[in-house]
Every structure is written in structure tokens, then in C-alpha cells.
>>> print(open('entry-v9.txt').read())   # compact mmCIF, C-alpha atoms
# COMPACT_ATOMS: atom_id res chain seq x y z
CA PHE O 1 -8.14 41.17 -1.43
CA ALA O 2 -6.58 38.20 -3.19
CA ARG O 3 -2.83 38.11 -3.60
CA LYS O 4 -1.06 36.54 -6.56
CA CYS O 5 0.00 33.59 -4.39
CA ASP O 6 -3.67 33.03 -3.42
CA LEU O 7 -4.71 32.94 -7.07
CA ASP O 8 -1.79 30.66 -7.96
CA ASN O 9 -2.82 28.28 -5.18
CA LEU O 10 -6.45 28.33 -6.31
CA TYR O 11 -5.37 27.50 -9.86
CA ALA O 12 -3.13 24.66 -8.62
CA GLN O 13 -5.94 23.18 -6.50
CA LEU O 14 -8.52 23.38 -9.30
CA SER O 15 -6.10 21.93 -11.84
CA ALA O 16 -5.25 19.04 -9.50
CA LEU O 17 -8.94 18.41 -8.77
CA LEU O 18 -9.72 18.13 -12.48
CA GLU O 19 -6.85 15.68 -12.96
CA ILE O 20 -8.00 13.62 -9.97
CA ARG O 21 -11.51 13.42 -11.39
CA ASP O 22 -10.09 12.32 -14.76
CA MET O 23 -7.99 9.60 -13.11
CA ALA O 24 -10.81 8.41 -10.84
CA GLY O 25 -13.35 8.27 -13.66
CA PRO O 26 -16.74 9.87 -14.28
CA ASN O 27 -18.75 7.50 -12.09
CA ILE O 28 -16.80 8.13 -8.87
CA SER O 29 -18.28 10.66 -6.49
CA LEU O 30 -15.61 12.39 -4.43
CA GLY O 31 -16.49 14.56 -1.47
CA LEU O 32 -14.82 17.80 -0.50
CA LEU O 33 -11.04 17.82 -0.52
CA ARG O 34 -10.88 20.38 2.26
CA GLY O 35 -10.64 20.41 6.04
CA PHE O 36 -9.27 17.07 7.26
CA ALA O 37 -9.09 15.65 3.73
CA LEU O 38 -5.91 15.77 1.68
CA SER O 39 -5.73 18.86 -0.52
CA PRO O 40 -6.15 18.21 -4.25
CA ASP O 41 -2.53 19.05 -5.09
CA ALA O 42 -1.16 16.70 -2.41
CA LEU O 43 -3.49 13.87 -3.43
CA MET O 44 -2.55 14.39 -7.08
CA VAL O 45 1.16 13.91 -6.34
CA MET O 46 0.37 10.60 -4.65
CA LEU O 47 -1.98 9.40 -7.39
CA ARG O 48 0.58 10.20 -10.07
CA ASP O 49 3.15 8.14 -8.19
CA ILE O 50 0.76 5.23 -7.67
CA SER O 51 -0.32 5.23 -11.33
CA THR O 52 3.27 4.86 -12.57
CA ARG O 53 3.91 1.68 -10.59
CA ASN O 54 3.29 -1.89 -11.62
CA ALA O 55 0.64 -3.43 -9.33
CA PRO O 56 1.33 -0.95 -6.52
CA ARG O 57 0.75 -2.01 -2.93
CA VAL O 58 -0.59 1.03 -1.10
CA ILE O 59 -1.19 1.47 2.61
CA GLU O 60 -2.80 4.55 4.10
CA PHE O 61 -3.26 5.61 7.68
CA GLY O 62 -6.53 7.52 7.92
CA ALA O 63 -9.50 6.73 5.70
CA GLY O 64 -11.31 9.40 3.71
CA GLU O 65 -11.59 10.90 0.25
CA SER O 66 -8.11 9.60 -0.53
CA THR O 67 -9.41 6.05 0.00
CA ILE O 68 -12.09 6.55 -2.66
CA ALA O 69 -9.68 8.21 -5.12
CA ILE O 70 -6.88 5.66 -4.70
CA ALA O 71 -9.27 2.73 -5.02
CA ALA O 72 -10.74 4.21 -8.20
CA VAL O 73 -7.30 4.71 -9.73
CA LEU O 74 -6.25 1.15 -8.84
CA LYS O 75 -9.48 -0.21 -10.33
CA ASN O 76 -8.88 1.74 -13.54
CA MET O 77 -5.29 0.42 -13.64
CA GLY O 78 -6.56 -3.13 -13.25
CA SER O 79 -3.95 -3.99 -10.63
CA GLY O 80 -2.69 -3.06 -7.20
CA SER O 81 -4.07 -3.14 -3.69
CA LEU O 82 -4.95 -0.72 -0.91
CA VAL O 83 -4.91 -1.36 2.84
CA THR O 84 -6.54 1.41 4.84
CA ILE O 85 -6.02 1.75 8.59
CA GLU O 86 -8.71 3.74 10.42
CA HIS O 87 -9.36 4.20 14.14
CA ASP O 88 -12.96 5.47 14.09
CA PRO O 89 -15.45 2.61 13.51
CA GLU O 90 -18.28 4.94 12.51
CA PHE O 91 -16.13 6.78 9.96
CA GLN O 92 -14.74 3.48 8.70
CA GLN O 93 -18.29 2.25 8.03
CA LYS O 94 -19.16 5.50 6.25
CA ILE O 95 -16.20 5.12 3.89
CA ALA O 96 -16.94 1.40 3.44
CA ARG O 97 -20.51 2.24 2.36
CA ARG O 98 -19.24 4.79 -0.15
CA LEU O 99 -16.74 2.28 -1.52
CA GLY O 100 -19.60 -0.19 -1.95
CA GLN O 101 -21.77 2.38 -3.72
CA SER O 102 -18.93 3.09 -6.16
CA GLN O 103 -18.19 -0.64 -6.64
CA LEU O 104 -14.72 -0.21 -5.13
CA ALA O 105 -15.10 -2.30 -1.98
CA SER O 106 -13.16 -5.27 -3.40
CA ILE O 107 -10.11 -3.05 -3.99
CA VAL O 108 -9.73 -1.93 -0.35
CA ASP O 109 -8.84 -3.94 2.74
CA MET O 110 -10.22 -1.72 5.52
CA ARG O 111 -8.66 -2.36 8.93
CA LEU O 112 -9.81 -0.94 12.23
CA ALA O 113 -6.92 -0.08 14.58
CA GLN O 114 -7.64 0.94 18.15
CA ILE O 115 -6.06 4.06 19.60
CA ARG O 116 -3.82 3.41 22.58
CA ASN O 117 -1.75 5.57 24.92
CA TYR O 118 2.01 5.80 24.50
CA PRO O 119 4.43 7.02 27.17
CA PRO O 120 6.80 9.94 26.55
CA ARG O 121 9.58 9.06 24.10
CA LYS O 122 12.12 10.67 21.79
CA GLY O 123 11.61 13.96 23.59
CA PHE O 124 7.83 13.98 23.07
CA ALA O 125 5.23 14.14 25.82
CA ALA O 126 2.84 11.21 26.24
CA PHE O 127 0.50 10.82 23.27
CA SER O 128 -2.05 8.50 21.73
CA SER O 129 -1.83 6.76 18.38
CA TYR O 130 -2.74 3.61 16.50
CA ASP O 131 -2.12 0.24 18.05
CA LEU O 132 -0.33 -1.42 15.14
CA ASP O 133 0.60 -4.65 16.91
CA GLY O 134 -0.09 -7.53 14.55
CA ILE O 135 -0.39 -5.33 11.46
CA ASP O 136 2.32 -6.19 8.95
CA PHE O 137 2.15 -5.54 5.21
CA GLU O 138 4.68 -4.95 2.50
CA PHE O 139 4.03 -1.75 0.60
CA ASP O 140 5.28 0.39 -2.26
CA VAL O 141 3.47 3.58 -1.29
CA ALA O 142 2.43 4.61 2.21
CA ILE O 143 0.32 7.64 3.11
CA VAL O 144 0.24 8.91 6.69
CA ASP O 145 -2.74 11.23 7.10
CA GLY O 146 -3.85 10.19 10.56
CA PRO O 147 -4.35 10.19 13.43
CA ILE O 148 -5.23 13.84 14.01
CA VAL O 149 -2.61 15.76 15.99
CA ALA O 150 -5.17 18.05 17.65
CA ALA O 151 -7.01 15.06 19.11
CA PHE O 152 -4.19 12.70 20.05
CA GLY O 153 -1.04 14.73 20.74
CA SER O 154 1.86 16.24 18.85
CA ALA O 155 3.65 12.90 18.30
CA THR O 156 0.61 10.90 17.22
CA ARG O 157 1.98 10.31 13.72
CA LEU O 158 5.27 9.02 15.10
CA VAL O 159 3.82 5.50 15.41
CA PRO O 160 2.64 5.06 11.79
CA LEU O 161 5.79 6.76 10.49
CA GLU O 162 8.01 4.42 12.51
CA TRP O 163 5.95 1.48 11.26
CA CYS O 164 6.48 2.61 7.65
CA ALA O 165 10.18 3.45 8.05
CA SER O 166 10.93 0.03 9.50
CA ARG O 167 9.41 -1.61 6.39
CA LEU O 168 10.63 0.83 3.75
CA ALA O 169 12.56 -0.94 1.02
CA GLY O 170 13.53 -0.67 -2.63
CA CYS O 171 11.65 2.05 -4.46
CA GLY O 172 9.09 2.48 -1.68
CA VAL O 173 7.95 5.91 -0.58
CA VAL O 174 6.14 7.34 2.44
CA TYR O 175 4.02 10.48 2.14
CA LEU O 176 3.19 12.51 5.25
CA ASP O 177 0.30 14.93 5.02
CA ASP O 178 0.76 18.27 6.80
CA ALA O 179 4.54 17.74 6.82
CA ALA O 180 5.14 21.49 7.03
CA ARG O 181 3.39 21.83 10.40
CA PRO O 182 5.73 22.23 13.40
CA ASP O 183 4.57 19.03 15.15
CA GLU O 184 5.06 16.89 12.05
CA LYS O 185 8.47 18.48 11.41
CA LYS O 186 9.59 17.53 14.93
CA VAL O 187 8.43 13.95 14.40
CA VAL O 188 10.27 13.67 11.07
CA ASN O 189 13.45 15.19 12.54
CA SER O 190 13.36 12.75 15.46
CA LEU O 191 13.10 9.84 13.02
CA ARG O 192 15.93 11.19 10.87
CA ALA O 193 18.17 11.12 13.92
CA THR O 194 17.61 7.39 14.44
CA ILE O 195 16.69 5.96 11.01
CA PRO O 196 19.22 6.68 8.27
CA CYS O 197 16.88 6.08 5.31
CA ILE O 198 14.65 9.06 6.08
>>> encode(input="entry-v9.txt", output="C-alpha cells")
Amino acid sequence: FARKCDLDNLYAQLSALLEIRDMAGPNISLGLLRGFALSPDALMVMLRDISTRNAPRVIEFGAGESTIAIAAVLKNMGSGSLVTIEHDPEFQQKIARRLGQSQLASIVDMRLAQIRNYPPRKGFAAFSSYDLDGIDFEFDVAIVDGPIVAAFGSATRLVPLEWCASRLAGCGVVYLDDAARPDEKKVVNSLRATIPCI
């Protein structure tokens, strides 16, 4: 049986999906926004933010459907840039092919970042995450949707979040997908204790 909250959520997701498709344009083929992909309502919040900025510089950690949607919105705006950090070379190539098919490849700077092991820190057990040494970009909007906690440890998103927080300035914003999950909450709380801007 469906509850009212289930129907409300379904309506919100469908409404957001329609708005995303309008913003991306009729010639952009988006895959499923389910599973590991950002949900339509979360992606919509980010796209609305990006679309209100003048030549927004966007960085995302974790390629996927969001990469296609953000690139399409930036192309339609006629300004802005997107840097995408991905750890899986095969998945990176898959997204790169789709960007090419949609004539969006020139909008996105796809970067491959290796996964490396990190020792215990800030109360977290040892974990794996991106090796971000040598990666340095200014950004207006950052999206942290990777790496995957189940594969790399409960603190895996600590590294990209620290990277973003250390570069956060002005009217910049950082979005964390799955922020309501216990592991992500612990990571955010640990950063709040040491970085006053969070």
C-alpha cells in the first residue's frame, strides 16, 4: 500500500525529472536517475543553483548522469565549465562517449583520480578515497557524489569534502549527496569541528 508520503515523493521526483529534461533540452538523453545516480529532486536543486550563476565553475566528484545534465545546462547557458573527477577508467570512458554523442564533450574536463589508502584519522578507521594531489581548481559549485561508501569505507567522502572546504570562498557552495546517511553525517560533523565555514 502506498502512503501519502510515498505519493508526495513520487510527485516530487517526477516533477523534478520533467524540469531537468526541460533544462537539459530535448536532444539530451539522460539515463536512469536511480540507484547510484543522484535523485531527480537533488539534481534539480543543484541545476537551479548552477543556472542562476554567471559563468559558473562546477566541479563534481563522481561522474554519471549528473555530468550529462550539468554539461547540457551549461551548454544551454552559453557559459561556465565543469570539471569531473572519476576513479573508474571504464566508467569514465562510458560517460565520455555519452558526452561525445550529445555534443557536450567540450564542456567537460574529465579527470581520472586514482584511489589510494588513507590511515585512520579524525576518529575514522582506515579508508580509501581519491588521490587529489596535484588537483587544484577554483569553483563556485562543488558536488560530492563519490566515492561509494560501501566500496571504500565510511570516511571515503572526507577527502573530497576537505578538498572543497579548503577552497570554499565567496558565494561558493558544496553539495553532498546522501548527506542524511549516518556515515556522511559523521564526516560532516568531523569537518564542522575543525573548519568553521561548514
>>> closest_residue(input="entry-v9.txt", among="O:Ala69, O:Leu18, O:Ala125, O:Met46", to="Ala155 of chain O", atoms="only C-alpha atoms")
O:Ala125
>>> residues_around(input="entry-v9.txt", residues="Ala126 of chain O", least_positions_apart="5", cutoff="12 Å", atoms="all atoms listed in the file", output="MDAnalysis selection string")
chainID O and resid 116:121 152:156 158
>>> write_last_selection(input="entry-v9.txt", atoms="C-alpha atoms", output="PDB file, in the frame of the given file")
ATOM      1  CA  ARG O 116      -3.820   3.410  22.580  1.00  0.00           C
ATOM      2  CA  ASN O 117      -1.750   5.570  24.920  1.00  0.00           C
ATOM      3  CA  TYR O 118       2.010   5.800  24.500  1.00  0.00           C
ATOM      4  CA  PRO O 119       4.430   7.020  27.170  1.00  0.00           C
ATOM      5  CA  PRO O 120       6.800   9.940  26.550  1.00  0.00           C
ATOM      6  CA  ARG O 121       9.580   9.060  24.100  1.00  0.00           C
ATOM      7  CA  PHE O 152      -4.190  12.700  20.050  1.00  0.00           C
ATOM      8  CA  GLY O 153      -1.040  14.730  20.740  1.00  0.00           C
ATOM      9  CA  SER O 154       1.860  16.240  18.850  1.00  0.00           C
ATOM     10  CA  ALA O 155       3.650  12.900  18.300  1.00  0.00           C
ATOM     11  CA  THR O 156       0.610  10.900  17.220  1.00  0.00           C
ATOM     12  CA  LEU O 158       5.270   9.020  15.100  1.00  0.00           C
TER      13      LEU O 158
END
>>> closest_atom_pairs(input="entry-v9.txt", of="segment 39-138 of chain O", to="segment 159-170 of chain O", cutoff="7 Å", atoms="all atoms listed in the file", output="Markdown table")
| residue | atom | partner | partner_atom | distance |
| --- | --- | --- | --- | --- |
| O:Ser129 | CA | O:Val159 | CA | 6.5 |
| O:Tyr130 | CA | O:Val159 | CA | 6.9 |
| O:Glu138 | CA | O:Arg167 | CA | 7.0 |
>>> closest_residue(input="entry-v9.txt", among="O:Asp8, O:Glu90, O:Asp145, O:Asp140", to="Val173 of chain O", atoms="all atoms listed in the file")
O:Asp140
>>> closest_residue(input="entry-v9.txt", among="O:Leu10, O:Asp41, O:Gly25, O:Arg98", to="Lys75 of chain O", atoms="only C-alpha atoms")
O:Gly25
>>> residues_around(input="entry-v9.txt", residues="segment 131-135 of chain O", least_positions_apart="6", cutoff="7 Å", atoms="all atoms listed in the file", output="list in words")
Ala113, Gln114, Ile115 and Arg116 of chain O
>>> write_last_selection(input="entry-v9.txt", atoms="C-alpha atoms", output="mmCIF file, in the coordinates of the input")
data_model
loop_
_atom_site.group_PDB
_atom_site.id
_atom_site.type_symbol
_atom_site.label_atom_id
_atom_site.label_comp_id
_atom_site.auth_asym_id
_atom_site.auth_seq_id
_atom_site.Cartn_x
_atom_site.Cartn_y
_atom_site.Cartn_z
ATOM 1 C CA ALA O 113 -6.920 -0.080 14.580
ATOM 2 C CA GLN O 114 -7.640 0.940 18.150
ATOM 3 C CA ILE O 115 -6.060 4.060 19.600
ATOM 4 C CA ARG O 116 -3.820 3.410 22.580
#
>>> atom_distance(input="entry-v9.txt", atom1="atom CA of Leu74 of chain O", atom2="atom CA of Ala142 of chain O")
14.5 Å
